[in-house]
Amino acid sequence: MKIALITIHNVTNYGAILQAYATNEVLSSYGEVTVINYQKKHLSSHMDLVRFEMSIRGLKWVIHDTLNIFARYKMISRFKSFIKATLSLSKLIEDNDNFNDVTFNYDVFVSGSDQIWNPSIVSESKSIDPVYFLSFAPLGSKKISYASSIGHHSFTKIEKIEVMKLLKDFSHISVREKDGRQKLAEILPEREIEVVLDPTLLLSKNDWLHKLKLNNLEVPKEKYILVYSVPRTELIRKAVDYFSKKLNYKVISIDKMLMPLTKVDNHVNNAGPREFIQLYANASFVISDSFHGLCYAINFEKPFVAVSSNKVGNRQENLLALLQIKEKDVLVRSEDDFKNISSEMDFTNVRKKLQHYREKSMDYLKIAIRKSDEG
């Protein structure tokens with residue numbers, strides 16, 4: 001069976017590239033997978049050594065990336081090497097290319113994971129991109145979605161009509177968050193919308209270490225807190241200061257910026273996807289405001305603090321609720337919440353819940369793929 005996957009794969013975002021890899025790995029058990037090499041400048045510009053756009057923000061990027069050019073070059077090289085080694089890509093399709101000029105000879109088309117259905121993420125104009133709804137697939141093709149995310153976006157009336165038309169010929173639809181299912185249920189009340197795990201959670205910790213050849217990691221000499229932040233809020237800075245003093249652990253931060261978000265012992269700004277996994281595997285405690293940062297802390301069974309992302313925090317909250325992890329035990333929305341967080345965590349029940357939803361998610365995919373194949 002030939003399977004086409006459309007996802008976000010050409011960015012220097014750890015969560016995005018690792019979910020693309022995980023989706024590809026899981027789908028590979030059903031056939032030959034090709035990732036549609038759709039590269040929008042809005043997203044793929046993150047792979048540019050020096051990013052630029054005609055704006056104040058663009059000027060800041062130029063200055064930042066120029067000062068950070070050596071670390072940035074190494075980080076981008078590691079991402080590109082990872083993509084080349086792990087993903088089978090189709091012909092390059094850029095923004096202005098005509099999809100009609102490309103032959104899509106596949107048995108099943110999959111739109112998979114990450115915030116591909118969130119207009120504010122995939123489009124500079126913050127408009128829906130039909131490509132991520134498989135609009136390019138030939139008429140009559142078998143279409144399914146796996147863990148596609150709307151994020152915090154709420155569709156307008158016009159967008160709802162567009163989404164309804166784009167999804168009407170999908171044989172199976174699944175999303176990553178419960179509120180995503182609710183949003184689609186309003187648009188397609190007659191359809192069954194499944195909630196499934198993010199693909200990074202379909203692979204166990206051992207799967208990740210084995211597949212990326214990280215089985216024989218040396219135990220670090222010192223315990224460390226791993227800090228992974230995307231928005232770099234003031235609250236996460238305060239969390240790092242509080243928990244580093246409380247635990248008396250070394251602090252390692254991983255991001256792509258020139259300077260660390262706060263005072264740390266080691267700022268890793270040139271890591272690729274493999275280095276990201278390695279840092280998580282060896283951590284003793286995690287502080288993160290990222291959805292995928294939370295996924296890896298849970299999957300690798302690391303005690304953690306989930307720093308609220310405020311209005312975009314629905315993804316964190318949905319995952320915690322799904323796995324029945326009490327927010328009061330791990331989620332902080334203000335400094336007052338720090339004192340409620342324990343440096344230890346019992347993952348026994350979480351492990352069982354995660355395995356249950358892992359099996360349920362794999363069953364969804366198996367049914368969707370097989371029915372598509374039979375059709």
# chains A, B, ... in the order shown; residues from 1 in each chain; ligands from 1
>>> select_by_dssp(residues="stretch 90-208 of chain A", states="helix (DSSP H, G or I)", output="tab-separated table (two decimals) with N, CA and C atoms, in the first residue's frame")
chain	number	residue	atom	x	y	z
A	99	PHE	N	-0.57	22.04	-7.92
A	99	PHE	CA	-0.67	20.64	-7.52
A	99	PHE	C	-1.16	19.76	-8.66
A	100	ASN	N	-1.86	20.35	-9.61
A	100	ASN	CA	-2.38	19.56	-10.72
A	100	ASN	C	-1.27	19.02	-11.62
A	101	ASP	N	-0.09	19.59	-11.52
A	101	ASP	CA	1.03	19.13	-12.34
A	101	ASP	C	1.77	17.95	-11.72
A	119	PRO	N	-5.45	28.00	11.30
A	119	PRO	CA	-5.04	29.01	10.31
A	119	PRO	C	-3.93	29.94	10.78
A	120	SER	N	-3.91	30.26	12.07
A	120	SER	CA	-2.91	31.20	12.56
A	120	SER	C	-1.51	30.60	12.56
A	121	ILE	N	-1.42	29.27	12.49
A	121	ILE	CA	-0.13	28.60	12.46
A	121	ILE	C	0.36	28.40	11.03
A	122	VAL	N	-0.51	27.95	10.14
A	122	VAL	CA	-0.07	27.52	8.81
A	122	VAL	C	-0.05	28.62	7.76
A	130	PRO	N	-6.23	24.78	2.43
A	130	PRO	CA	-6.90	23.54	2.01
A	130	PRO	C	-5.95	22.36	1.79
A	131	VAL	N	-4.68	22.65	1.52
A	131	VAL	CA	-3.72	21.57	1.28
A	131	VAL	C	-3.65	20.64	2.49
A	132	TYR	N	-3.72	21.22	3.71
A	132	TYR	CA	-3.64	20.40	4.91
A	132	TYR	C	-4.94	19.64	5.18
A	133	PHE	N	-5.95	19.89	4.34
A	133	PHE	CA	-7.19	19.11	4.35
A	133	PHE	C	-7.24	18.18	3.14
A	157	LYS	N	-17.84	31.71	10.91
A	157	LYS	CA	-18.95	31.11	10.15
A	157	LYS	C	-18.50	30.73	8.74
A	158	ILE	N	-17.75	31.61	8.13
A	158	ILE	CA	-17.26	31.34	6.76
A	158	ILE	C	-16.28	30.18	6.78
A	159	GLU	N	-15.40	30.15	7.77
A	159	GLU	CA	-14.43	29.05	7.88
A	159	GLU	C	-15.14	27.72	8.12
A	160	LYS	N	-16.22	27.74	8.89
A	160	LYS	CA	-16.96	26.51	9.16
A	160	LYS	C	-17.51	25.90	7.88
A	161	ILE	N	-18.00	26.75	7.00
A	161	ILE	CA	-18.53	26.28	5.71
A	161	ILE	C	-17.40	25.66	4.88
A	162	GLU	N	-16.24	26.32	4.90
A	162	GLU	CA	-15.10	25.81	4.14
A	162	GLU	C	-14.62	24.47	4.71
A	163	VAL	N	-14.53	24.39	6.04
A	163	VAL	CA	-14.09	23.15	6.68
A	163	VAL	C	-15.06	22.01	6.39
A	164	MET	N	-16.35	22.30	6.41
A	164	MET	CA	-17.36	21.28	6.13
A	164	MET	C	-17.17	20.71	4.72
A	165	LYS	N	-16.92	21.56	3.76
A	165	LYS	CA	-16.70	21.11	2.39
A	165	LYS	C	-15.41	20.30	2.26
A	166	LEU	N	-14.38	20.73	2.97
A	166	LEU	CA	-13.07	20.07	2.87
A	166	LEU	C	-13.07	18.69	3.53
A	167	LEU	N	-13.89	18.51	4.57
A	167	LEU	CA	-13.87	17.25	5.31
A	167	LEU	C	-14.98	16.29	4.91
A	178	LYS	N	-9.92	17.16	22.81
A	178	LYS	CA	-11.35	17.00	23.01
A	178	LYS	C	-12.11	18.23	22.50
A	179	ASP	N	-11.58	19.43	22.76
A	179	ASP	CA	-12.30	20.61	22.29
A	179	ASP	C	-12.22	20.74	20.77
A	180	GLY	N	-11.22	20.11	20.16
A	180	GLY	CA	-11.17	20.06	18.70
A	180	GLY	C	-12.31	19.22	18.16
A	181	ARG	N	-12.61	18.12	18.84
A	181	ARG	CA	-13.75	17.29	18.44
A	181	ARG	C	-15.05	18.08	18.58
A	182	GLN	N	-15.19	18.84	19.64
A	182	GLN	CA	-16.40	19.64	19.84
A	182	GLN	C	-16.57	20.67	18.73
A	183	LYS	N	-15.46	21.28	18.32
A	183	LYS	CA	-15.53	22.28	17.24
A	183	LYS	C	-15.98	21.66	15.93
A	184	LEU	N	-15.44	20.46	15.63
A	184	LEU	CA	-15.81	19.80	14.38
A	184	LEU	C	-17.21	19.20	14.46
A	185	ALA	N	-17.64	18.79	15.66
A	185	ALA	CA	-18.98	18.23	15.82
A	185	ALA	C	-20.06	19.27	15.49
A	186	GLU	N	-19.76	20.53	15.74
A	186	GLU	CA	-20.70	21.60	15.40
A	186	GLU	C	-20.81	21.76	13.88
A	187	ILE	N	-19.72	21.47	13.20
A	187	ILE	CA	-19.68	21.63	11.74
A	187	ILE	C	-20.21	20.38	11.03
A	199	PRO	N	0.95	11.64	17.90
A	199	PRO	CA	1.79	10.52	17.46
A	199	PRO	C	3.07	10.33	18.24
A	200	THR	N	3.60	11.39	18.86
A	200	THR	CA	4.82	11.22	19.66
A	200	THR	C	4.58	10.28	20.84
A	201	LEU	N	3.31	10.17	21.26
A	201	LEU	CA	2.97	9.31	22.39
A	201	LEU	C	2.65	7.88	21.96
A	205	LYS	N	9.00	5.29	25.37
A	205	LYS	CA	10.36	5.79	25.59
A	205	LYS	C	11.38	4.84	24.97
A	206	ASN	N	11.19	3.53	25.19
A	206	ASN	CA	12.12	2.55	24.62
A	206	ASN	C	12.11	2.58	23.10
A	207	ASP	N	10.93	2.79	22.52
A	207	ASP	CA	10.84	2.91	21.06
A	207	ASP	C	11.69	4.08	20.56
A	208	TRP	N	11.54	5.22	21.23
A	208	TRP	CA	12.29	6.40	20.83
A	208	TRP	C	13.80	6.17	20.93
>>> select_by_dssp(residues="stretch 142-286 of chain A", states="strand (DSSP E or B)", output="ChimeraX atom specification")
/A:142-146,148,172-175,193-195,224-228,250-254,266-268,285-286
>>> closest_residue(among="A:Asp241, A:Glu344, A:Asp114, A:Glu275", to="A:Leu261", atoms="only C-alpha atoms")
A:Asp241
>>> residues_around(residues="A:Leu217", least_positions_apart="2", cutoff="12 Å", atoms="only C-alpha atoms", output="JSON, numbers by chain")
{"A": [206, 209, 210, 212, 213, 214, 215, 219, 220, 275, 277, 278, 279, 280, 281, 282, 283]}
>>> atom_distance(atom1="atom CA of A:His64", atom2="atom CA of A:Ile76")
15.1 Å
